[in-house]
$ cat query_22.cif   # mmCIF, C-alpha atoms (C1' of nucleotides)
data_data
#
loop_
_atom_site.label_atom_id
_atom_site.label_comp_id
_atom_site.auth_asym_id
_atom_site.auth_seq_id
_atom_site.Cartn_x
_atom_site.Cartn_y
_atom_site.Cartn_z
CA MET A 1 -4.79 -1.43 -3.30
CA PRO A 2 -1.30 -2.77 -3.26
CA GLU A 3 -0.11 -3.94 0.12
CA LEU A 4 2.79 -6.16 1.10
CA PRO A 5 1.73 -9.25 -0.91
CA GLU A 6 1.13 -7.29 -4.10
CA VAL A 7 4.38 -5.38 -3.70
CA GLU A 8 6.27 -8.62 -3.01
CA ILE A 9 4.85 -10.20 -6.17
CA THR A 10 5.82 -7.09 -8.10
CA ARG A 11 9.32 -7.27 -6.62
CA ARG A 12 9.76 -10.84 -7.82
CA HIS A 13 8.71 -9.93 -11.36
CA LEU A 14 10.95 -6.86 -11.43
CA ALA A 15 13.89 -8.79 -10.00
CA GLY A 16 13.51 -11.31 -12.79
CA VAL A 17 13.99 -8.75 -15.55
CA MET A 18 16.00 -5.99 -13.87
CA THR A 19 18.68 -7.85 -11.93
CA GLY A 20 21.96 -7.44 -13.79
CA ALA A 21 20.36 -5.31 -16.50
CA LEU A 22 21.59 -1.94 -17.73
CA ILE A 23 19.08 0.92 -17.79
CA GLN A 24 19.47 2.42 -21.25
CA GLU A 25 16.65 4.93 -21.49
CA VAL A 26 14.19 6.41 -19.00
CA ALA A 27 11.15 8.63 -19.53
CA VAL A 28 9.24 10.11 -16.60
CA THR A 29 6.11 11.72 -17.99
CA HIS A 30 4.28 12.96 -14.90
CA GLU A 31 5.64 15.59 -12.52
CA ARG A 32 3.98 14.07 -9.48
CA THR A 33 5.57 10.67 -10.07
CA ALA A 34 8.97 12.34 -9.63
CA ARG A 35 7.97 14.52 -6.65
CA TYR A 36 10.61 13.14 -4.27
CA ASN A 37 13.35 14.31 -6.59
CA SER A 38 13.56 17.75 -8.17
CA GLY A 39 11.55 16.52 -11.15
CA PRO A 40 11.33 14.04 -14.02
CA ARG A 41 14.66 15.08 -15.51
CA GLU A 42 16.58 14.26 -12.35
CA VAL A 43 15.05 10.80 -12.10
CA GLU A 44 15.87 10.15 -15.74
CA ASP A 45 19.42 11.46 -15.52
CA ARG A 46 20.29 9.54 -12.37
CA LEU A 47 18.96 6.22 -13.71
CA VAL A 48 20.27 6.17 -17.26
CA GLY A 49 23.49 4.19 -17.62
CA ARG A 50 23.12 2.44 -14.27
CA ARG A 51 23.16 -1.31 -13.84
CA VAL A 52 20.74 -2.91 -11.35
CA SER A 53 22.32 -5.27 -8.85
CA ASP A 54 19.20 -6.37 -7.00
CA VAL A 55 15.54 -5.55 -6.38
CA GLY A 56 14.33 -5.54 -2.78
CA ARG A 57 11.27 -4.58 -0.77
CA THR A 58 10.64 -3.17 2.68
CA GLY A 59 7.02 -2.80 3.70
CA LYS A 60 5.26 -1.40 0.66
CA PHE A 61 8.42 0.25 -0.72
CA LEU A 62 10.33 -1.28 -3.63
CA HIS A 63 14.03 -0.52 -3.89
CA ALA A 64 16.54 -1.45 -6.56
CA THR A 65 20.24 -1.13 -5.83
CA LEU A 66 22.23 0.53 -8.59
CA ASP A 67 25.88 0.01 -9.46
CA ASP A 68 26.90 3.47 -8.22
CA GLY A 69 25.44 3.03 -4.75
CA GLN A 70 22.20 4.86 -5.45
CA MET A 71 18.80 3.27 -5.04
CA MET A 72 15.76 3.49 -7.21
CA VAL A 73 12.85 3.64 -4.75
CA ALA A 74 9.24 3.16 -5.80
CA HIS A 75 5.90 3.04 -4.04
CA LEU A 76 2.70 1.84 -5.71
CA GLY A 77 0.49 4.10 -3.59
CA MET A 78 -3.18 3.41 -4.15
CA SER A 79 -3.34 2.56 -7.81
CA GLY A 80 0.20 2.04 -9.05
CA ARG A 81 1.51 -1.07 -10.79
CA PHE A 82 4.54 -2.01 -12.80
CA THR A 83 4.19 -3.71 -16.15
CA ILE A 84 6.87 -5.65 -17.98
CA ASP A 85 6.81 -5.54 -21.77
CA GLY A 86 3.19 -4.45 -21.64
CA GLU A 87 1.38 -2.03 -23.87
CA ALA A 88 1.74 1.73 -23.49
CA GLU A 89 -1.55 2.08 -21.68
CA PRO A 90 -3.07 5.28 -20.26
CA HIS A 91 -1.59 6.71 -17.04
CA THR A 92 1.87 5.39 -17.79
CA HIS A 93 4.12 7.86 -15.96
CA PHE A 94 7.48 6.07 -16.09
CA ARG A 95 9.21 3.90 -18.67
CA ALA A 96 12.63 2.29 -18.50
CA SER A 97 14.22 0.45 -21.41
CA LEU A 98 16.79 -2.17 -20.44
CA ASP A 99 19.71 -3.54 -22.44
CA THR A 100 17.95 -6.90 -22.37
CA GLY A 101 15.18 -5.45 -24.54
CA ASN A 102 12.68 -5.53 -21.70
CA ILE A 103 10.61 -2.43 -21.01
CA VAL A 104 9.45 -1.70 -17.47
CA ARG A 105 6.56 0.75 -17.10
CA PHE A 106 4.87 2.33 -14.09
CA VAL A 107 1.13 2.89 -14.51
CA ASP A 108 -0.61 4.92 -11.80
CA PRO A 109 -3.98 6.64 -12.42
CA ARG A 110 -4.29 8.28 -9.00
CA THR A 111 -0.62 9.27 -8.79
CA PHE A 112 -0.27 8.41 -5.12
CA GLY A 113 2.70 6.31 -6.13
CA PHE A 114 6.15 7.55 -7.08
CA VAL A 115 9.52 6.60 -8.52
CA ALA A 116 12.59 8.22 -6.99
CA VAL A 117 16.36 7.91 -7.06
CA PHE A 118 18.14 8.37 -3.73
CA ASN A 119 21.70 8.14 -2.51
CA GLU A 120 22.43 6.81 0.93
CA GLU A 121 21.99 10.18 2.61
CA GLU A 122 18.70 10.89 0.86
CA ILE A 123 17.35 7.49 1.89
CA GLY A 124 17.88 8.53 5.49
CA PHE A 125 15.36 11.33 5.02
CA SER A 126 12.87 9.26 3.04
CA GLY A 127 9.88 7.27 4.19
CA LEU A 128 11.99 4.14 3.92
CA ALA A 129 13.96 5.21 6.99
CA ARG A 130 10.84 5.48 9.11
CA LEU A 131 9.56 1.96 8.53
CA GLY A 132 9.13 -0.56 11.28
CA PRO A 133 10.15 -4.19 10.74
CA ASP A 134 8.69 -5.83 7.66
CA ALA A 135 5.63 -7.91 8.46
CA TRP A 136 6.75 -10.74 6.17
CA THR A 137 10.54 -10.90 6.30
CA SER A 138 11.12 -9.63 9.86
CA PRO A 139 7.98 -10.41 11.86
CA LEU A 140 7.97 -9.34 15.48
CA GLY A 141 7.91 -12.08 18.08
CA PRO A 142 5.12 -12.15 20.69
CA ALA A 143 7.24 -10.47 23.36
CA GLU A 144 8.42 -7.78 20.95
CA LEU A 145 4.88 -7.04 19.79
CA GLU A 146 3.65 -6.91 23.36
CA GLN A 147 6.39 -4.42 24.19
CA ALA A 148 5.64 -2.34 21.09
CA LEU A 149 1.96 -2.14 22.03
CA ALA A 150 2.44 -1.59 25.75
CA GLY A 151 0.54 1.46 26.92
CA ARG A 152 -0.92 2.16 23.51
CA THR A 153 -4.56 3.15 23.75
CA ALA A 154 -5.18 3.51 20.02
CA ALA A 155 -7.28 0.88 18.25
CA ILE A 156 -5.29 -2.15 17.17
CA LYS A 157 -6.58 -1.68 13.62
CA ALA A 158 -5.04 1.78 13.48
CA LEU A 159 -1.80 0.49 14.97
CA LEU A 160 -1.53 -2.29 12.39
CA LEU A 161 -1.71 0.35 9.67
CA ASP A 162 1.08 2.37 11.32
CA GLN A 163 4.05 1.63 9.05
CA GLY A 164 6.45 2.82 11.71
CA LEU A 165 5.34 0.01 14.01
CA ILE A 166 5.08 -2.84 11.49
CA SER A 167 5.52 -2.22 7.78
CA GLY A 168 3.58 -3.76 4.92
CA LEU A 169 0.02 -4.18 6.17
CA GLY A 170 -2.72 -2.12 4.55
CA ASN A 171 -6.45 -1.95 5.02
CA ILE A 172 -7.30 -5.32 3.50
CA TYR A 173 -4.82 -7.53 5.30
CA ALA A 174 -5.13 -5.70 8.61
CA ASP A 175 -8.86 -6.50 8.62
CA GLU A 176 -8.22 -10.08 7.51
CA ALA A 177 -5.56 -10.72 10.13
CA LEU A 178 -7.72 -9.35 12.94
CA HIS A 179 -10.59 -11.57 11.87
CA LYS A 180 -8.38 -14.64 11.71
CA ALA A 181 -7.01 -13.83 15.18
CA ARG A 182 -10.56 -13.10 16.44
CA ILE A 183 -9.56 -9.67 17.73
CA HIS A 184 -11.97 -6.72 17.64
CA PRO A 185 -10.47 -3.91 15.53
CA MET A 186 -11.31 -1.30 18.17
CA SER A 187 -9.44 -3.12 20.94
CA ALA A 188 -6.87 -0.84 22.51
CA GLY A 189 -3.44 -2.03 21.41
CA GLY A 190 -2.05 -2.20 24.93
CA SER A 191 -5.04 -4.14 26.25
CA ILE A 192 -4.63 -7.26 24.15
CA ALA A 193 -3.59 -10.40 26.02
CA SER A 194 -0.28 -11.97 25.07
CA GLY A 195 -2.01 -15.11 23.87
CA GLU A 196 -4.08 -13.07 21.48
CA LEU A 197 -0.98 -11.26 20.26
CA ALA A 198 0.62 -14.59 19.48
CA ALA A 199 -2.50 -15.49 17.50
CA LEU A 200 -2.31 -12.16 15.71
CA ILE A 201 1.29 -12.73 14.66
CA GLN A 202 0.39 -16.13 13.28
CA ALA A 203 -2.70 -14.72 11.55
CA ILE A 204 -0.65 -12.00 9.85
CA ARG A 205 1.79 -14.59 8.55
CA GLU A 206 -0.96 -16.88 7.25
CA VAL A 207 -2.94 -14.06 5.62
CA LEU A 208 0.14 -12.72 3.85
CA GLU A 209 1.32 -16.17 2.81
CA ALA A 210 -2.03 -17.03 1.25
CA ALA A 211 -2.21 -13.68 -0.54
CA ILE A 212 1.27 -14.06 -2.03
CA GLU A 213 0.50 -17.61 -3.16
CA ASN A 214 -2.73 -16.43 -4.77
CA GLY A 215 -1.10 -13.63 -6.74
CA GLY A 216 -2.43 -10.84 -4.54
CA THR A 217 -5.87 -9.30 -4.26
CA SER A 218 -7.36 -7.71 -7.37
CA LEU A 219 -10.57 -5.93 -6.39
CA SER A 220 -13.43 -5.43 -8.81
CA ASP A 221 -11.92 -2.14 -9.96
CA LEU A 222 -8.85 -4.07 -11.15
CA ALA A 223 -6.63 -1.24 -9.94
CA TYR A 224 -4.14 -3.90 -8.99
CA LEU A 225 -2.99 -6.39 -11.61
CA LEU A 226 0.11 -8.54 -11.71
CA PRO A 227 3.00 -7.18 -13.79
CA ASP A 228 2.09 -9.66 -16.53
CA GLY A 229 -1.45 -8.25 -16.71
CA ARG A 230 -3.26 -11.07 -14.93
CA ALA A 231 -5.59 -10.43 -12.00
CA GLY A 232 -4.60 -11.77 -8.60
CA GLU A 233 -6.92 -14.41 -7.23
CA ASN A 234 -6.88 -13.71 -3.51
CA LEU A 235 -10.23 -11.89 -3.52
CA GLU A 236 -12.10 -15.13 -2.98
CA GLN A 237 -10.01 -15.83 0.12
CA LEU A 238 -11.08 -12.65 1.89
CA MET A 239 -13.19 -13.34 4.96
CA VAL A 240 -14.29 -9.80 5.90
CA TYR A 241 -12.84 -7.07 3.66
CA GLY A 242 -15.51 -5.75 1.31
CA ARG A 243 -18.11 -8.18 2.70
CA THR A 244 -20.25 -5.63 4.59
CA ASP A 245 -23.64 -7.14 5.55
CA LEU A 246 -22.72 -10.48 4.01
CA PRO A 247 -22.68 -13.50 6.33
CA CYS A 248 -19.45 -14.21 8.14
CA LEU A 249 -17.88 -17.22 6.44
CA THR A 250 -17.07 -18.62 9.87
CA CYS A 251 -20.33 -18.13 11.79
CA GLY A 252 -22.93 -16.53 9.52
CA THR A 253 -23.29 -13.28 11.45
CA PRO A 254 -23.49 -10.27 9.10
CA ILE A 255 -20.14 -8.55 8.66
CA ARG A 256 -20.08 -5.01 10.01
CA ARG A 257 -18.30 -2.00 8.55
CA ILE A 258 -17.13 0.83 10.77
CA LEU A 259 -14.65 3.66 10.39
CA VAL A 260 -11.40 3.53 12.34
CA ARG A 261 -9.29 6.67 11.87
CA SER A 262 -11.41 7.30 8.76
CA ARG A 263 -10.42 3.95 7.26
CA SER A 264 -13.17 1.49 6.44
CA THR A 265 -12.90 -1.47 8.77
CA HIS A 266 -14.69 -4.80 8.36
CA PHE A 267 -15.22 -7.32 11.13
CA CYS A 268 -17.52 -10.00 12.46
CA PRO A 269 -19.20 -8.79 15.67
CA SER A 270 -19.61 -12.37 16.80
CA CYS A 271 -16.17 -13.83 16.04
CA GLN A 272 -14.30 -10.69 17.03
CA GLN A 273 -15.39 -9.51 20.45
CA GLY A 274 -13.44 -7.26 22.74
CA PRO A 275 -11.72 -8.85 25.76
CA SER A 276 -14.47 -7.67 28.10
CA ALA A 277 -17.41 -8.78 25.98
"C1'" DA B 1 -1.41 11.39 18.21
"C1'" DC B 2 -4.39 13.31 15.47
"C1'" DC B 3 -6.21 15.82 10.83
"C1'" DT B 4 -5.93 17.32 5.90
"C1'" DC B 5 -4.52 16.86 1.51
"C1'" DC B 6 -3.33 14.70 -2.72
"C1'" DC B 7 -5.85 12.26 -7.22
"C1'" DT B 8 -9.06 10.00 -10.65
"C1'" DG B 9 -11.93 5.97 -12.20
"C1'" DG B 10 -15.97 3.87 -11.04
"C1'" DC B 11 -20.28 3.76 -9.07
"C1'" DC B 12 -24.87 5.39 -7.21
"C1'" DG C 1 -23.03 15.17 -10.67
"C1'" DG C 2 -21.19 14.01 -6.42
"C1'" DC C 3 -19.02 10.71 -3.54
"C1'" DC C 4 -15.99 7.08 -2.39
"C1'" DA C 5 -11.57 4.47 -2.18
"C1'" DG C 6 -7.03 5.27 0.83
"C1'" DG C 7 -0.99 5.43 1.75
"C1'" DG C 8 1.82 8.54 3.27
"C1'" DA C 9 3.63 13.33 4.04
"C1'" DG C 10 3.21 17.29 6.44
"C1'" DG C 11 1.23 20.17 9.68
"C1'" DT C 12 -1.14 21.36 14.18
#

$ encode --input "query_22.cif" --output "structure tokens"
Amino acid sequence: MPELPEVEITRRHLAGVMTGALIQEVAVTHERTARYNSGPREVEDRLVGRRVSDVGRTGKFLHATLDDGQMMVAHLGMSGRFTIDGEAEPHTHFRASLDTGNIVRFVDPRTFGFVAVFNEEEIGFSGLARLGPDAWTSPLGPAELEQALAGRTAAIKALLLDQGLISGLGNIYADEALHKARIHPMSAGGSIASGELAALIQAIREVLEAAIENGGTSLSDLAYLLPDGRAGENLEQLMVYGRTDLPCLTCGTPIRRILVRSRSTHFCPSCQQGPSA
DNA sequence: ACCTCCCTGGCC
DNA sequence: GGCCAGGGAGGT
């Protein structure tokens, strides 16, 4: 499932082919993919003839600035990925032909993702406007994180997934960062000592850095692939995610899986103990 | 601050 | 043949 590292890798590929290019033809072939505009036709009409000035990312949202001040905004959701000059494979819901000859496609079997075109006002009402600071490009400092978590009784795992607090972390990297920082996922956010928060900030940075370097995490379902079709190689770096009942790679204790806010959560009961344990 | 829904391929 | 995966929007 695409999280910040996978979206960042996608952004770099898209920036390489889209920056400076003219969008000549667009086809949106699934209603749901265009659900944040009035429909496929609007997305097509607002993109055709526009030139892309840059491709950015905030949290898990991709955004390309267009020459008329609009933005193309995309989210990969659960199963979305962009391909560049790939084949017209099943579940392709968006295709853009550029004046460079490159063809960008959006493939998304579960249709949790979307492609939208927003002007400045529309962006203010979109999910983009509700994002907290990006976990990679604008990481909170220890004092800021401590302030953000003060008084919060919710589990730290749930808080790390709250995109309004910090944007970009999903289920995989939240579990990985908590393991690296040796924090129990059920710890109340406001109860975590400042030293542990400093460790958490560092763990988030290291987990994301490794994932980006490794091309992201492609799980066995291969829902996520790089835009050039290759699988990311970060799976083998995962310490807890998807390793239920397997020995902890740090201490050998079997990894446990619990539900936190109905999200599967993986942790080592030995390495990650609550502050009181 | 919580719950429900959306959606489909893959797996038991 | 049914269940699971889960990000984010919208509602209570």

$ axis_aligned_box --input "query_22.cif" --around "range 192-207 of chain A" --padding-each-side "5 Å" --output "lines of an AutoDock Vina configuration file"
center_x = -1.4
center_y = -12.1
center_z = 15.8
size_x = 16.4
size_y = 19.6
size_z = 30.4

$ closest_atom_pairs --input "query_22.cif" --of "chain C" --to "chain A" --cutoff "9 Å" --atoms "only C-alpha atoms (C1' of nucleotides)" --output "tab-separated table"
residue	atom	partner	partner_atom	distance
C:DA5	C1'	A:Met78	CA	8.7
C:DG6	C1'	A:Met78	CA	6.6
C:DG7	C1'	A:Gly77	CA	5.7
C:DG8	C1'	A:Gly127	CA	8.2
C:DA9	C1'	A:Gly127	CA	8.7

$ resolve_selection --input "query_22.cif" --expression "the PyMOL selection byres ((chain B) within 10 of (chain A))" --output "PyMOL selection string"
chain B and resi 1-3+6-10

$ resolve_selection --input "query_22.cif" --expression "the PyMOL selection byres ((chain A and resi 27) around 8)" --output "number ranges by chain"
A: 25-26, 28-29, 40, 44, 93-96

$ atom_distance --input "query_22.cif" --atom1 "CA of Leu62 in chain A" --atom2 "CA of Ala155 in chain A"
28.2 Å

$ closest_residue --input "query_22.cif" --among "A:Val240, A:Ala231, A:Cys268, A:Ile103" --to "Ile183 in chain A" --atoms "only C-alpha atoms"
A:Cys268

$ decode --input "query_22.cif" --residues "chain C" --atoms "C-alpha atoms (C1' of nucleotides)" --output "tab-separated table (two decimals), in the first residue's frame"
chain	number	residue	atom	x	y	z
C	1	DG	C1'	-17.64	-18.69	-1.37
C	2	DG	C1'	-16.43	-15.59	2.05
C	3	DC	C1'	-13.03	-12.76	4.14
C	4	DC	C1'	-9.23	-9.74	4.33
C	5	DA	C1'	-6.34	-5.66	3.13
C	6	DG	C1'	-6.89	-0.33	4.41
C	7	DG	C1'	-6.66	5.66	3.24
C	8	DG	C1'	-9.62	9.00	3.62
C	9	DA	C1'	-14.28	11.22	3.57
C	10	DG	C1'	-18.29	11.86	5.83
C	11	DG	C1'	-21.34	11.26	9.44
C	12	DT	C1'	-22.74	10.62	14.43
